Each structure stands twice: as structure tokens, then as C-alpha cells.
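Novice: Sharing my_file01.cif below, mmCIF, C-alpha atoms:
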data_model
loop_
_atom_site.label_atom_id
_atom_site.label_comp_id
_atom_site.auth_asym_id
_atom_site.auth_seq_id
_atom_site.Cartn_x
_atom_site.Cartn_y
_atom_site.Cartn_z
CA MET A 1 -18.57 -0.01 27.31
CA ILE A 2 -17.95 1.28 23.80
CA ARG A 3 -20.88 2.93 21.99
CA SER A 4 -21.08 3.56 18.27
CA SER A 5 -19.99 7.04 17.24
CA GLU A 6 -22.62 9.40 15.79
CA ASP A 7 -19.99 11.67 14.20
CA ILE A 8 -20.19 11.46 10.41
CA ILE A 9 -16.52 12.38 10.03
CA ILE A 10 -15.35 9.50 12.23
CA ARG A 11 -17.73 7.03 10.59
CA THR A 12 -16.77 8.01 7.03
CA VAL A 13 -13.03 8.21 7.60
CA SER A 14 -12.84 4.84 9.36
CA ARG A 15 -14.98 3.23 6.66
CA ILE A 16 -12.57 4.52 4.01
CA LEU A 17 -9.45 3.64 6.01
CA VAL A 18 -10.26 0.07 7.01
CA PRO A 19 -9.80 -1.53 3.54
CA PHE A 20 -6.44 0.21 3.12
CA ILE A 21 -5.28 -0.93 6.56
CA GLN A 22 -6.26 -4.49 5.69
CA LEU A 23 -4.52 -4.28 2.32
CA PHE A 24 -1.35 -3.08 4.05
CA ALA A 25 -1.64 -5.95 6.53
CA LEU A 26 -1.81 -8.47 3.67
CA TYR A 27 1.25 -6.80 2.15
CA VAL A 28 3.15 -7.12 5.44
CA ILE A 29 2.27 -10.83 5.67
CA ALA A 30 3.03 -11.66 2.04
CA HIS A 31 6.20 -9.54 1.86
CA GLY A 32 7.73 -11.02 5.02
CA HIS A 33 10.33 -12.84 2.88
CA TYR A 34 11.84 -9.60 1.59
CA SER A 35 11.27 -6.93 4.23
CA PRO A 36 10.59 -6.69 7.96
CA GLY A 37 7.21 -8.19 8.69
CA GLY A 38 5.48 -11.52 8.78
CA GLY A 39 2.56 -13.26 10.36
CA PHE A 40 2.67 -11.67 13.80
CA GLN A 41 2.99 -8.09 12.60
CA GLY A 42 0.49 -8.44 9.76
CA GLY A 43 -1.97 -10.20 12.03
CA VAL A 44 -1.76 -7.37 14.55
CA ILE A 45 -2.46 -4.80 11.80
CA LEU A 46 -5.47 -6.84 10.63
CA GLY A 47 -6.68 -7.01 14.22
CA ALA A 48 -6.20 -3.24 14.57
CA SER A 49 -8.44 -2.62 11.55
CA LEU A 50 -11.18 -4.69 13.21
CA VAL A 51 -10.66 -2.79 16.47
CA LEU A 52 -11.10 0.48 14.54
CA LEU A 53 -14.42 -0.85 13.22
CA LEU A 54 -15.42 -1.77 16.77
CA ILE A 55 -14.69 1.62 18.34
CA THR A 56 -16.43 3.43 15.46
CA TYR A 57 -19.55 1.34 14.88
CA GLY A 58 -20.00 -0.15 18.35
CA PRO A 59 -20.20 -3.75 19.53
CA SER A 60 -23.62 -4.72 18.20
CA ASP A 61 -22.91 -3.59 14.62
CA THR A 62 -19.48 -5.25 14.65
CA ARG A 63 -20.86 -8.45 16.18
CA ARG A 64 -23.26 -8.75 13.25
CA HIS A 65 -20.29 -9.01 10.85
CA ILE A 66 -17.82 -10.88 13.08
CA SER A 67 -19.56 -13.34 15.38
CA GLY A 68 -17.99 -14.82 18.46
CA LYS A 69 -18.08 -18.21 16.79
CA SER A 70 -16.16 -17.04 13.71
CA VAL A 71 -13.45 -15.53 15.95
CA ALA A 72 -13.00 -18.89 17.67
CA VAL A 73 -12.98 -20.70 14.32
CA PHE A 74 -10.39 -18.34 12.80
CA SER A 75 -8.04 -18.53 15.79
CA SER A 76 -8.12 -22.33 15.79
CA LEU A 77 -7.84 -22.41 12.00
CA GLY A 78 -4.52 -20.56 12.15
CA VAL A 79 -2.95 -23.04 14.55
CA LEU A 80 -4.45 -25.87 12.46
CA ILE A 81 -2.83 -24.50 9.26
CA TYR A 82 0.53 -24.24 11.02
CA SER A 83 0.53 -27.69 12.58
CA GLY A 84 -1.17 -29.17 9.50
CA ILE A 85 1.73 -28.09 7.28
CA GLY A 86 4.02 -29.75 9.80
CA PHE A 87 2.01 -32.98 9.61
CA ILE A 88 2.04 -32.95 5.79
CA CYS A 89 5.83 -32.91 6.02
CA LEU A 90 5.62 -35.92 8.36
CA LEU A 91 3.42 -37.77 5.85
CA LEU A 92 5.99 -37.07 3.11
CA LEU A 93 8.61 -38.91 5.22
CA GLY A 94 10.33 -35.76 6.50
CA ASN A 95 10.77 -34.32 9.95
CA TYR A 96 7.98 -32.29 11.56
CA LEU A 97 7.90 -28.81 9.87
CA ASP A 98 10.62 -29.84 7.37
CA TYR A 99 9.18 -27.90 4.42
CA GLY A 100 11.83 -29.18 2.01
CA LYS A 101 9.78 -32.37 1.62
CA LEU A 102 6.84 -30.33 0.25
CA SER A 103 8.73 -30.07 -3.06
CA GLY A 104 7.32 -33.50 -3.99
CA ILE A 105 3.71 -32.28 -4.12
CA LEU A 106 4.37 -28.64 -5.14
CA HIS A 107 6.69 -29.53 -8.07
CA VAL A 108 9.36 -26.94 -7.17
CA THR A 109 12.92 -27.18 -5.90
CA PRO A 110 13.34 -27.90 -2.15
CA ALA A 111 14.55 -24.33 -1.51
CA GLU A 112 11.44 -22.84 -3.12
CA ALA A 113 9.29 -25.35 -1.24
CA ARG A 114 10.83 -24.04 2.00
CA SER A 115 9.99 -20.48 0.92
CA LEU A 116 6.37 -21.49 0.23
CA GLY A 117 6.18 -23.38 3.52
CA ILE A 118 7.29 -20.24 5.36
CA LEU A 119 4.54 -18.28 3.57
CA GLY A 120 1.98 -20.92 4.55
CA ILE A 121 2.76 -20.83 8.24
CA GLU A 122 2.92 -17.02 8.22
CA ILE A 123 -0.67 -17.03 6.93
CA GLY A 124 -1.64 -19.38 9.75
CA VAL A 125 0.05 -17.16 12.34
CA GLY A 126 -1.72 -14.12 10.82
CA PHE A 127 -5.15 -15.76 11.18
CA THR A 128 -4.59 -16.62 14.83
CA VAL A 129 -3.11 -13.27 15.84
CA MET A 130 -5.87 -11.31 14.06
CA ALA A 131 -8.71 -13.28 15.67
CA ILE A 132 -7.19 -13.29 19.15
CA MET A 133 -6.34 -9.54 19.11
CA PHE A 134 -9.93 -8.71 18.16
CA SER A 135 -11.42 -11.23 20.59
CA ILE A 136 -9.45 -9.99 23.61
CA PHE A 137 -10.26 -6.34 22.84
CA PHE A 138 -13.94 -7.10 22.27
CA ASP A 139 -14.38 -9.13 25.45
CA ILE A 140 -12.53 -6.65 27.67
CA SER A 141 -14.27 -3.58 26.22
CA SER A 142 -17.75 -5.08 26.51
CA GLY A 143 -17.14 -6.77 29.87
CA GLY A 144 -18.01 -10.09 28.25
CA LYS A 145 -21.68 -9.18 27.82
CA PRO A 146 -23.30 -9.90 24.49
CA PRO A 147 -24.52 -6.70 22.73
CA GLU A 148 -28.04 -5.49 23.60
CA ASP A 149 -29.89 -6.59 20.48
CA GLU A 150 -28.49 -10.12 20.78
CA LYS A 151 -30.06 -10.63 24.20
CA GLU A 152 -33.59 -11.27 23.02
CA MET B 1 23.87 -3.06 59.93
CA LYS B 2 23.36 -0.65 57.04
CA ILE B 3 27.14 -0.34 56.64
CA LEU B 4 27.41 -4.13 56.40
CA ASN B 5 24.72 -4.22 53.70
CA LEU B 6 26.52 -1.52 51.73
CA ILE B 7 29.81 -3.41 51.94
CA VAL B 8 28.16 -6.63 50.68
CA VAL B 9 26.53 -4.78 47.78
CA VAL B 10 29.76 -3.02 46.80
CA ILE B 11 31.79 -6.23 46.90
CA THR B 12 29.17 -8.16 44.86
CA GLY B 13 29.03 -5.34 42.32
CA ALA B 14 32.80 -5.25 42.04
CA ILE B 15 32.93 -9.01 41.44
CA LEU B 16 30.23 -8.74 38.74
CA ILE B 17 32.02 -5.86 37.01
CA TYR B 18 35.28 -7.84 37.18
CA GLY B 19 33.41 -10.74 35.54
CA THR B 20 32.41 -8.60 32.56
CA MET B 21 36.10 -8.02 31.72
CA ASP B 22 36.26 -11.50 30.17
CA MET B 23 33.18 -11.04 28.01
CA PRO B 24 33.68 -10.63 24.25
CA GLY B 25 33.35 -7.17 22.73
CA TRP B 26 29.97 -5.83 21.62
CA GLY B 27 29.10 -7.41 18.26
CA ASP B 28 32.42 -9.25 18.07
CA PRO B 29 32.24 -11.68 15.10
CA ASP B 30 34.72 -14.03 16.81
CA SER B 31 32.72 -14.38 20.03
CA PRO B 32 31.61 -17.97 20.82
CA ALA B 33 27.94 -17.11 20.35
CA SER B 34 28.59 -15.92 16.79
CA LEU B 35 30.65 -18.96 15.78
CA HIS B 36 28.21 -21.79 16.44
CA VAL B 37 25.20 -21.70 14.07
CA SER B 38 25.06 -18.07 12.94
CA PRO B 39 27.54 -18.43 10.02
CA ARG B 40 25.47 -21.30 8.62
CA TYR B 41 22.30 -19.17 8.74
CA ILE B 42 24.03 -16.19 7.14
CA THR B 43 25.77 -18.06 4.33
CA LYS B 44 23.21 -20.79 3.51
CA THR B 45 19.87 -19.01 3.90
CA MET B 46 19.53 -18.15 0.20
CA GLU B 47 20.42 -21.57 -1.20
CA GLU B 48 18.50 -23.53 1.44
CA THR B 49 15.31 -21.50 1.81
CA ALA B 50 15.27 -19.00 -1.11
CA THR B 51 14.35 -16.28 1.40
CA PRO B 52 16.41 -13.08 1.35
CA ASN B 53 15.20 -11.98 4.78
CA MET B 54 17.38 -13.92 7.21
CA VAL B 55 15.16 -13.07 10.18
CA THR B 56 12.15 -14.66 8.52
CA SER B 57 14.00 -17.82 7.52
CA VAL B 58 15.36 -18.30 11.04
CA LEU B 59 12.00 -17.53 12.66
CA ALA B 60 9.80 -19.63 10.41
CA ASP B 61 12.11 -22.34 9.07
CA TYR B 62 15.15 -23.12 11.22
CA ARG B 63 13.24 -22.29 14.40
CA ALA B 64 9.76 -23.22 13.17
CA TYR B 65 9.03 -25.39 16.19
CA ASP B 66 9.61 -22.41 18.48
CA THR B 67 7.26 -20.24 16.42
CA LEU B 68 4.59 -22.96 16.57
CA GLY B 69 4.86 -22.71 20.35
CA GLU B 70 4.52 -18.91 20.24
CA THR B 71 1.39 -19.17 18.10
CA THR B 72 -0.06 -21.71 20.52
CA VAL B 73 0.69 -19.37 23.42
CA ILE B 74 -1.29 -16.57 21.74
CA PHE B 75 -4.11 -18.99 20.94
CA THR B 76 -4.21 -20.21 24.54
CA ALA B 77 -4.20 -16.65 25.90
CA GLY B 78 -7.17 -15.75 23.71
CA MET B 79 -9.09 -18.87 24.68
CA ALA B 80 -8.44 -18.15 28.37
CA CYS B 81 -9.78 -14.60 27.91
CA ILE B 82 -12.91 -15.95 26.23
CA LEU B 83 -13.48 -18.50 28.99
CA LEU B 84 -12.91 -16.00 31.81
CA LEU B 85 -14.62 -12.90 30.45
CA ARG B 86 -17.44 -13.96 28.17
CA LYS B 87 -20.75 -14.42 29.95
CA ARG B 88 -23.10 -17.09 28.73
CA ARG B 89 -26.35 -15.88 27.27
CA ASN B 90 -28.66 -17.93 29.52
CA GLY B 91 -27.41 -16.16 32.63
CA HIS B 92 -25.66 -19.05 34.34
CA GLY B 93 -22.15 -17.83 33.48
#
I need this file expressed as C-alpha cells, please.
Specialist:
Amino acid sequence: MIRSSEDIIIRTVSRILVPFIQLFALYVIAHGHYSPGGGFQGGVILGASLVLLLITYGPSDTRRHISGKSVAVFSSLGVLIYSGIGFICLLLLGNYLDYGKLSGILHVTPAEARSLGILGIEIGVGFTVMAIMFSIFFDISSGGKPPEDEKE
Amino acid sequence: MKILNLIVVVITGAILIYGTMDMPGWGDPDSPASLHVSPRYITKTMEETATPNMVTSVLADYRAYDTLGETTVIFTAGMACILLLRKRRNGHG
């Protein structure tokens, strides 16, 4: 069972670090076209920033910001974005996940539409990986029990 | 009996090593695996997907269906963890 840390150094440093970690994660997701990276890696970094919050501030404080319901919603939302982009391509008379057909509604060339489609599904993958990483760590570390102040 | 086992292992190993003689060299551009779809990915990725990173375009465009499956696997693993580990609040879980 993880308890919140009383050490002011740990609390301050992790509070300062978390926004930078999340910014770097967004960079990794958005820059996947040009450098190593993408949805999986960026999602894991985002999840790691949430795990850092959890091991510093403890489960009950973290649960107040990230509820179990929002984790479930985010993880499903990622898969929905991914498969939804595929279905939009079907509606535009293309094959499933054939992003070239998105050029009709995005008003760009088919090659650029493919680039944007890749970005879209990377964002979906990032959502899912972030939520699932945090959810698995939270449930294993707390043994599945809800935090104390949620019991009443 | 141990001698017999050793002989079987040595013969099998020798046959396997003999089999590797026919394999193409490490990173050989003329090997069959590198002649099928790889040249198309390498030469056409910029004009077809406008993505300089070949790995990303193969992962998320040419092999997008596979990546959808990977995402679903992660999603399913997380849902299984939630179902197995999380206790319900009313004490019946």
C-alpha cells in the first residue's frame, strides 16, 4: 500500500517535474512522424507522470483528481478514436483505416491526409496506453481497495 | 542411455547448423525477405504518406490494422486487471 510522502523535497520536486514530463510526452506523440516515438511511447511517459503523482501524493489524493471512472472512459476513448477514424474512412468509400480518403473532408492532398490520419490514431493509442498504465499500477499498488476517505 | 541422448542432441545440432549455411547473409539487401514489400515502403513512404519516419508510416499506416489489434490487447489487459483486482465498494466483490 502506497502512502503519501511527507518529505517536502519529494513533494515539491515531483510537483515541478510532472508538467515537464507531460509536455515531453506530448512532444513524443506529436513528433512521431519525424523522430523515434509515437503513441505507445508517449502514452507510457504520460502514464509514468501519473504514477509519479501517485507514489508522491498517495492514492486518496490522486483518486480525487483521476477517478476510476475517468480512467475507464479514457482507455475506451482511445480505442474509439482509433476505430472511429477507420470507420470514417469506410463512410468515405475507402477501405477500413485507409486514411487517404480523409483528404475529401480535410481539404489536403491524400499524402497529407495519411500523415494526419497517422497523427490521429497515435493520439488514440496514447490515450489508451496512458489510462491503462495508470490503472494497472493503481489497482495493483492499492490491492484494488478504494482509498480510505472514499469508503464512507 | 545418456550417451544415446548426447548423440541425438549432437546430430540434431549439426543438422541445424548445416541448415543455416543456406541462409542469406546478415542484412543482405538481396535476401528474399528484403525484396518483397520493403523496397516499396522505403521508396514510396514520402510520396504516399508524407511521413519521413519510415517506422511510423509502416506501423500506423501500412500495418494500421495490426496496431489496432495491439491497442485492443492493451485495452483488454487493463479491463481484465480492473475486473480481477478492483473490489466493489458495497463489499460483495
Novice: For the file shown, what are the residues hit by the PyMOL selection byres ((chain B) within 8 of (chain A)), laid out as a PDB file with C-alpha atoms, in the frame of the given file?
Specialist:
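In the end it all went to part39.pdb:
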ATOM      1  CA  GLU B  47      20.420 -21.570  -1.200  1.00  0.00           C
ATOM      2  CA  GLU B  48      18.500 -23.530   1.440  1.00  0.00           C
ATOM      3  CA  THR B  49      15.310 -21.500   1.810  1.00  0.00           C
ATOM      4  CA  ALA B  50      15.270 -19.000  -1.110  1.00  0.00           C
ATOM      5  CA  THR B  51      14.350 -16.280   1.400  1.00  0.00           C
ATOM      6  CA  PRO B  52      16.410 -13.080   1.350  1.00  0.00           C
ATOM      7  CA  ASN B  53      15.200 -11.980   4.780  1.00  0.00           C
ATOM      8  CA  THR B  56      12.150 -14.660   8.520  1.00  0.00           C
ATOM      9  CA  SER B  57      14.000 -17.820   7.520  1.00  0.00           C
ATOM     10  CA  ALA B  60       9.800 -19.630  10.410  1.00  0.00           C
ATOM     11  CA  ASP B  61      12.110 -22.340   9.070  1.00  0.00           C
ATOM     12  CA  ALA B  64       9.760 -23.220  13.170  1.00  0.00           C
ATOM     13  CA  TYR B  65       9.030 -25.390  16.190  1.00  0.00           C
ATOM     14  CA  LEU B  68       4.590 -22.960  16.570  1.00  0.00           C
ATOM     15  CA  THR B  71       1.390 -19.170  18.100  1.00  0.00           C
ATOM     16  CA  THR B  72      -0.060 -21.710  20.520  1.00  0.00           C
ATOM     17  CA  ILE B  74      -1.290 -16.570  21.740  1.00  0.00           C
ATOM     18  CA  PHE B  75      -4.110 -18.990  20.940  1.00  0.00           C
ATOM     19  CA  GLY B  78      -7.170 -15.750  23.710  1.00  0.00           C
ATOM     20  CA  CYS B  81      -9.780 -14.600  27.910  1.00  0.00           C
ATOM     21  CA  ILE B  82     -12.910 -15.950  26.230  1.00  0.00           C
ATOM     22  CA  LEU B  85     -14.620 -12.900  30.450  1.00  0.00           C
ATOM     23  CA  ARG B  86     -17.440 -13.960  28.170  1.00  0.00           C
ATOM     24  CA  LYS B  87     -20.750 -14.420  29.950  1.00  0.00           C
ATOM     25  CA  ARG B  89     -26.350 -15.880  27.270  1.00  0.00           C
TER      26      ARG B  89
END
Novice: CA of Leu52 (chain A) and CA of Val18 (chain A), how far apart in Å?
Specialist: 7.6 Å
Novice: What is the CA of Ala33 (chain B)-CA of Thr20 (chain B) distance in Å, reported with one decimal?
Specialist: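 Distance reported for this atom pair: 15.5 Å.
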Novice: Separation of CA of Ala30 (chain A) and CA of Arg63 (chain A), in Å?
Specialist: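 Taking CA of Ala30 (chain A) as the start and CA of Arg63 (chain A) as the end point, the length is 27.9 Å.
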Novice: Could you tell me which residues the PyMOL selection byres ((chain A and resi 3-14) around 10) grabs in this file, written as a ChimeraX atom specification?
Specialist: /A:1-2,15-19,21,49,52-62,142
Novice: From the set B:Met23, B:Ile7, B:Ile42, B:Ser31, which residue has the shortest atom-to-atom contact distance to Val58 (chain B), counting only C-alpha atoms?
Specialist: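 When distances to Val58 (chain B) are compared using only C-alpha atoms, the smallest one comes from B:Ile42.
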Novice: Would you compute the box with edges along x, y and z of the file around region 24-39 of chain B, including every atom the file lists for it and 3 Å extra on each side, and give its centre and edge lengths in Å to one decimal, as JSON?
Specialist:
{"center_x": 29.9, "center_y": -13.8, "center_z": 17.1, "size_x": 15.7, "size_y": 22.0, "size_z": 20.2}
Novice: Rank A:Leu23, A:Ile85, A:Val108, A:Leu102 by their smallest atom-to-atom distance to Gly43 (chain A), using all atoms listed in the file, and report the top residue only.
Specialist: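 Residue with the minimum atom-to-atom distance to Gly43 (chain A): A:Leu23.
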